[in-house]
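Next comes entry_26.cif, with mmCIF, C-alpha atoms.
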```cif
data_model
#
loop_
_atom_site.label_atom_id
_atom_site.label_comp_id
_atom_site.auth_asym_id
_atom_site.auth_seq_id
_atom_site.Cartn_x
_atom_site.Cartn_y
_atom_site.Cartn_z
CA MET A 282 65.08 77.87 38.66
CA ALA A 283 64.20 77.35 42.31
CA VAL A 284 65.63 74.40 44.21
CA LYS A 285 63.25 72.11 46.07
CA THR A 286 64.16 69.95 49.04
CA LEU A 287 62.35 66.65 49.46
CA ASN A 288 62.70 63.33 51.22
CA ILE A 289 63.11 60.12 49.21
CA ASP A 290 63.30 56.85 51.13
CA GLY A 291 64.46 58.73 54.22
CA LYS A 292 67.16 60.58 52.31
CA SER A 293 67.14 64.37 52.01
CA VAL A 294 67.38 65.29 48.33
CA SER A 295 67.67 68.66 46.58
CA ALA A 296 66.34 69.02 43.05
CA ASP A 297 65.52 71.73 40.56
CA GLU A 298 61.80 72.53 40.41
CA SER A 299 61.78 71.48 36.75
CA GLU A 300 62.93 67.95 37.60
CA THR A 301 60.72 64.91 38.04
CA ILE A 302 60.75 62.58 41.01
CA LEU A 303 62.51 60.01 38.84
CA GLU A 304 65.27 62.47 37.91
CA ALA A 305 65.70 63.53 41.52
CA ALA A 306 65.87 59.93 42.71
CA THR A 307 68.31 58.93 39.97
CA GLY A 308 70.53 61.89 40.81
CA ALA A 309 70.56 60.76 44.44
CA GLY A 310 71.51 57.21 43.49
CA ILE A 311 68.07 55.77 44.21
CA ASN A 312 66.83 53.25 41.66
CA ILE A 313 63.19 53.23 40.51
CA PRO A 314 62.19 50.51 38.00
CA THR A 315 61.06 51.75 34.58
CA LEU A 316 60.23 50.35 31.15
CA CYS A 317 58.91 53.18 28.98
CA HIS A 318 61.42 55.73 30.31
CA LEU A 319 64.64 56.28 28.38
CA GLU A 320 67.00 59.13 29.14
CA GLY A 321 67.03 61.58 26.24
CA LEU A 322 63.41 60.95 25.23
CA SER A 323 60.32 62.71 26.54
CA ASP A 324 58.44 60.84 29.27
CA VAL A 325 54.87 59.64 28.80
CA GLY A 326 54.15 57.52 31.89
CA ALA A 327 53.02 54.57 29.78
CA CYS A 328 54.21 51.56 31.77
CA ARG A 329 53.43 52.80 35.30
CA LEU A 330 56.25 50.73 36.82
CA CYS A 331 57.83 53.85 38.32
CA ILE A 332 54.87 54.54 40.63
CA VAL A 333 55.82 55.88 44.06
CA GLU A 334 54.09 56.68 47.33
CA VAL A 335 53.81 60.35 48.32
CA ALA A 336 52.88 61.13 51.92
CA GLY A 337 49.45 62.73 52.21
CA SER A 338 48.10 61.20 48.99
CA ASN A 339 46.38 57.87 48.35
CA LYS A 340 47.34 58.00 44.69
CA LEU A 341 50.46 56.35 43.28
CA PRO A 342 51.90 58.90 40.81
CA PRO A 343 54.36 57.82 38.11
CA ALA A 344 57.75 59.23 39.06
CA CYS A 345 58.79 59.91 35.45
CA VAL A 346 56.13 62.59 34.83
CA THR A 347 55.54 63.95 38.35
CA LYS A 348 57.43 67.15 39.17
CA VAL A 349 59.12 67.55 42.53
CA ALA A 350 57.62 69.85 45.14
CA GLU A 351 58.96 71.37 48.33
CA GLY A 352 58.71 69.05 51.31
CA MET A 353 57.61 65.95 49.41
CA ASP A 354 58.02 62.74 51.41
CA ILE A 355 58.40 59.88 48.93
CA LYS A 356 58.73 56.12 49.18
CA THR A 357 60.06 54.25 46.16
CA THR A 358 59.75 50.80 47.71
CA SER A 359 57.04 49.33 49.93
CA PRO A 360 54.87 46.18 50.03
CA ARG A 361 52.08 48.13 48.31
CA LEU A 362 54.33 49.33 45.48
CA GLU A 363 55.87 45.89 44.97
CA LYS A 364 52.37 44.39 44.78
CA TYR A 365 51.29 46.81 42.06
CA ARG A 366 54.54 46.57 40.09
CA LYS A 367 54.33 42.81 40.06
CA MET A 368 50.71 43.02 38.91
CA ILE A 369 51.66 45.42 36.10
CA LEU A 370 54.36 43.04 34.87
CA GLU A 371 51.94 40.11 34.95
CA LEU A 372 49.37 42.09 32.96
CA LEU A 373 52.01 42.96 30.34
CA PHE A 374 52.76 39.27 29.90
CA ALA A 375 49.06 38.38 29.73
CA GLU A 376 48.20 41.06 27.15
CA ARG A 377 50.40 39.73 24.33
CA ASN A 378 52.13 36.45 23.42
CA HIS A 379 55.46 36.63 25.24
CA VAL A 380 57.20 33.26 24.93
CA CYS A 381 60.71 33.94 26.20
CA ALA A 382 62.09 30.53 25.23
CA VAL A 383 61.72 31.27 21.50
CA CYS A 384 62.29 35.04 21.54
CA VAL A 385 65.22 36.68 19.77
CA ALA A 386 65.74 38.89 22.84
CA ASN A 387 65.74 36.06 25.40
CA GLY A 388 68.37 36.96 27.99
CA HIS A 389 68.59 40.53 26.68
CA CYS A 390 65.07 41.75 27.46
CA GLU A 391 64.20 44.51 29.93
CA LEU A 392 60.72 43.07 30.55
CA GLN A 393 62.24 39.69 31.32
CA ASP A 394 64.84 41.24 33.63
CA LEU A 395 62.19 43.16 35.58
CA ALA A 396 59.99 40.09 35.89
CA ASP A 397 62.94 38.20 37.33
CA SER A 398 63.90 40.96 39.78
CA HIS A 399 60.29 41.27 40.99
CA GLY A 400 59.77 37.55 41.46
CA VAL A 401 57.23 37.03 38.68
CA THR A 402 57.22 33.26 38.32
CA GLN A 403 53.64 32.90 37.10
CA VAL A 404 50.82 35.04 35.74
CA ARG A 405 47.58 35.10 37.72
CA PHE A 406 45.52 36.71 34.96
CA PRO A 407 43.97 35.01 31.91
CA TYR A 408 46.07 35.37 28.79
CA LEU A 409 44.38 37.24 25.94
CA TYR A 410 46.24 35.35 23.21
CA PRO A 411 45.67 38.05 20.58
CA ALA A 412 46.14 37.20 16.92
CA ALA A 413 49.12 39.55 16.67
CA SER A 414 50.99 39.75 13.40
CA VAL A 415 54.65 39.80 12.40
CA ASP A 416 55.76 42.30 9.76
CA ALA A 417 58.98 41.25 8.01
CA SER A 418 58.46 43.39 4.91
CA HIS A 419 61.44 45.66 5.70
CA ASP A 420 64.75 44.64 4.11
CA TRP A 421 66.65 44.67 7.40
CA PHE A 422 64.24 44.71 10.34
CA VAL A 423 61.22 42.86 11.74
CA ILE A 424 58.41 43.91 14.04
CA ASP A 425 56.70 41.19 16.05
CA HIS A 426 53.54 42.63 17.62
CA ASN A 427 53.36 39.61 19.93
CA ARG A 428 56.26 41.06 21.93
CA CYS A 429 55.26 44.74 21.92
CA ILE A 430 54.44 46.33 25.30
CA LEU A 431 53.37 49.72 23.87
CA CYS A 432 56.13 51.61 25.67
CA THR A 433 56.25 53.96 22.61
CA ARG A 434 60.03 54.28 22.77
CA CYS A 435 60.13 53.61 19.02
CA VAL A 436 57.54 56.32 18.37
CA ARG A 437 59.40 58.90 20.45
CA VAL A 438 62.93 58.20 19.19
CA CYS A 439 61.73 58.28 15.57
CA ASP A 440 59.94 61.59 16.10
CA GLU A 441 62.17 63.41 18.59
CA ILE A 442 65.63 62.22 17.50
CA GLU A 443 65.44 60.98 13.90
CA GLY A 444 62.73 63.47 12.94
CA ALA A 445 60.93 61.04 10.64
CA HIS A 446 57.84 60.21 12.76
CA THR A 447 57.41 56.93 10.90
CA TRP A 448 55.97 55.22 13.97
CA ASP A 449 52.70 55.99 15.74
CA VAL A 450 50.00 54.21 17.75
CA MET A 451 46.68 53.02 16.33
CA GLY A 452 43.65 51.74 18.22
CA ARG A 453 42.58 51.87 21.85
CA GLY A 454 43.15 49.71 24.91
CA ALA A 455 44.19 46.13 24.32
CA SER A 456 43.64 46.64 20.58
CA SER A 457 46.36 49.31 20.34
CA ARG A 458 49.23 48.66 17.95
CA VAL A 459 52.30 50.60 16.86
CA ILE A 460 52.13 51.28 13.14
CA THR A 461 54.31 52.72 10.39
CA ASP A 462 52.96 55.65 8.39
CA LEU A 463 49.20 55.19 7.87
CA ASN A 464 49.27 51.51 8.89
CA GLU A 465 51.31 50.54 5.85
CA PRO A 466 53.71 47.57 5.86
CA TRP A 467 57.07 48.70 7.26
CA GLY A 468 58.83 47.79 4.05
CA GLU A 469 56.55 50.14 2.08
CA SER A 470 57.10 53.13 4.37
CA GLU A 471 58.07 56.31 2.53
CA THR A 472 59.29 58.04 5.69
CA CYS A 473 61.49 55.35 7.30
CA THR A 474 65.21 56.16 7.03
CA SER A 475 66.29 52.64 8.13
CA CYS A 476 68.41 54.25 10.89
CA SER A 477 67.63 51.36 13.33
CA LYS A 478 67.15 53.71 16.30
CA CYS A 479 63.70 52.22 16.96
CA VAL A 480 65.15 48.71 16.96
CA GLN A 481 67.92 49.62 19.38
CA VAL A 482 65.68 51.37 21.94
CA CYS A 483 63.01 48.66 22.00
CA PRO A 484 63.12 47.01 25.46
CA THR A 485 61.84 43.62 24.23
CA GLY A 486 62.07 41.45 21.12
CA ALA A 487 59.28 43.34 19.37
CA LEU A 488 61.74 45.12 17.08
CA SER A 489 64.74 43.17 15.86
CA SER A 490 67.23 42.85 13.04
CA LYS A 491 66.64 40.18 10.43
CA GLY A 492 68.74 37.06 10.69
CA LYS A 493 68.72 36.90 14.47
CA SER A 494 67.79 33.61 16.10
CA VAL A 495 66.70 32.84 19.67
CA ALA A 496 68.63 34.94 22.24
CA GLU A 497 70.82 36.53 19.55
CA MET A 498 69.28 40.01 19.46
CA VAL A 499 71.47 42.23 21.63
CA LYS A 500 70.46 45.88 21.46
CA ARG A 501 73.23 48.30 20.52
CA ARG A 502 72.88 51.10 23.08
CA ASP A 503 76.18 52.92 22.43
CA PHE A 504 74.40 55.97 20.99
CA LEU A 505 71.94 56.33 23.88
CA PRO A 506 74.08 58.67 26.04
CA TYR A 507 73.89 61.18 23.20
CA LEU A 508 70.08 61.20 22.88
CA THR A 509 69.65 64.31 25.01
CA GLN A 510 72.29 66.19 23.04
CA MET A 511 70.81 65.04 19.72
CA ARG A 512 67.35 66.17 20.82
CA GLU A 513 68.60 69.60 21.94
CA GLU A 514 70.50 70.15 18.69
CA ARG A 515 67.41 69.24 16.68
#
```

Starting from the coordinates I provided, produce the structure as structure tokens.
Amino acid sequence: MAVKTLNIDGKSVSADESETILEAATGAGINIPTLCHLEGLSDVGACRLCIVEVAGSNKLPPACVTKVAEGMDIKTTSPRLEKYRKMILELLFAERNHVCAVCVANGHCELQDLADSHGVTQVRFPYLYPAASVDASHDWFVIDHNRCILCTRCVRVCDEIEGAHTWDVMGRGASSRVITDLNEPWGESETCTSCSKCVQVCPTGALSSKGKSVAEMVKRRDFLPYLTQMREER
């Protein structure tokens, strides 16, 4: 593979041509905020928080799915990027019913952490207040669609690592929902192995273990460093 040399935030960086901007930046110790990205899973560019500025282009490409190219001049932080990232976070809050004070993941939520780090203290957009359901039909786990941000981490880990493909996405736009099997209750799924991988990779309180109260759901991420290896072996 050929090696490409690019500039990220004024720093000269070398990366393999197969790498993405996000991988190159991470390897150089440069942090780019993400929500849908998780090392070891394929990238889909769902959340758009990892957008960057590339010299010579008016577009803001997502770093997780944009391959590096020779001579790229990239900015990962700027007033324009911060404006759009903050707007994206606000829209995520407005789309569903995120009430942190009564969430099982309060204090352990990636969406909450990013909102705090980007100074999101209020939402400027009208809340949709969808009539989102809660499915507690599984013996051990619960899915609360009010908290889902459609990052599809659960879909990808179930398909790419566990090999069950229990989860998928149904609908379009704001009406999209993650579903089990053919939109069956989770507890009636014939493909779910109850491995809990989907619960552990969920960045919010959308997927949780039963019996957890407010702020008690801490995700167990000890297996995450092995996702890439597990995927390659499969």

Just so the selection is clear, what residues does the PyMOL selection byres ((chain A and resi 420-422) around 6) cover here, as JSON, numbers by chain?
-> {"A": [419, 423, 489, 490, 491]}

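With distances restricted to all atoms listed in the file, A:His389 is the closest residue to Arg501 (chain A) from A:Gly321, A:His389, A:Cys473, A:Asp425.
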
Pick from A:Met368, A:Val450, A:Ala296, A:Val438 nearest to Asp324 (chain A), counting all atoms listed in the file =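 Checking each candidate against Asp324 (chain A), we get A:Val438 as the closest.
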
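A distance cut-off of 10 Å around (66.4, 35.0, 21.7), counting all atoms listed in the file, selects these protein and nucleic acid residues: A:Val380, A:Cys381, A:Ala382, A:Val383, A:Cys384, A:Val385, A:Ala386, A:Asn387, A:Gly388, A:His389, A:Cys390, A:Gly486, A:Lys493, A:Ser494, A:Val495, A:Ala496, A:Glu497, A:Met498, A:Val499.
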
Report as a list in words the residues that result from applying the PyMOL selection byres ((chain A and resi 475) around 12) to the structure here.
->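 Matching residues under the PyMOL selection byres ((chain A and resi 475) around 12) are His419, Asp420, Trp421, Phe422, Val423, Cys439, Glu443, Ala445, Thr447, Trp467, Gly468, Glu469, Ser470, Glu471, Thr472, Cys473, Thr474, Cys476, Ser477, Lys478, Cys479, Val480, Gln481 and Ser490 of chain A.
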
Determine the nearest neighbour of Ile289 (chain A) from the options A:Asp462, A:Glu320, A:Glu376, A:Glu334, counting all atoms listed in the file.
->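 Comparing A:Asp462, A:Glu320, A:Glu376, A:Glu334 against Ile289 (chain A), the winner is A:Glu334.
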
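Residue selection for this entry, given the PyMOL selection byres ((chain A and resi 487) around 6), comprises Ile424, Asp425, Arg428, Cys429, Thr485, Gly486 and Leu488 of chain A.
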
Please determine the residues with any atom at most 10 Å from (60.5, 51.4, 46.9) (coordinates as given in the file, with all atoms listed in the file counting) and report them as a count of residues only.
-> 19

Could you jot down the CA of Pro343 (chain A) to CA of His318 (chain A) separation for me, Å, one decimal place?
->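 So the two atoms, CA of Pro343 (chain A) and CA of His318 (chain A), lie 10.7 Å apart.
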
May I ask which of the residues A:Ile442, A:Thr315, A:Glu300, A:Pro466 is the closest one to Pro484 (chain A), counting only C-alpha atoms?
-> A:Thr315

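The gap separating CA of Ala455 (chain A) from CA of Thr301 (chain A) is 28.5 Å, in Å to one decimal.
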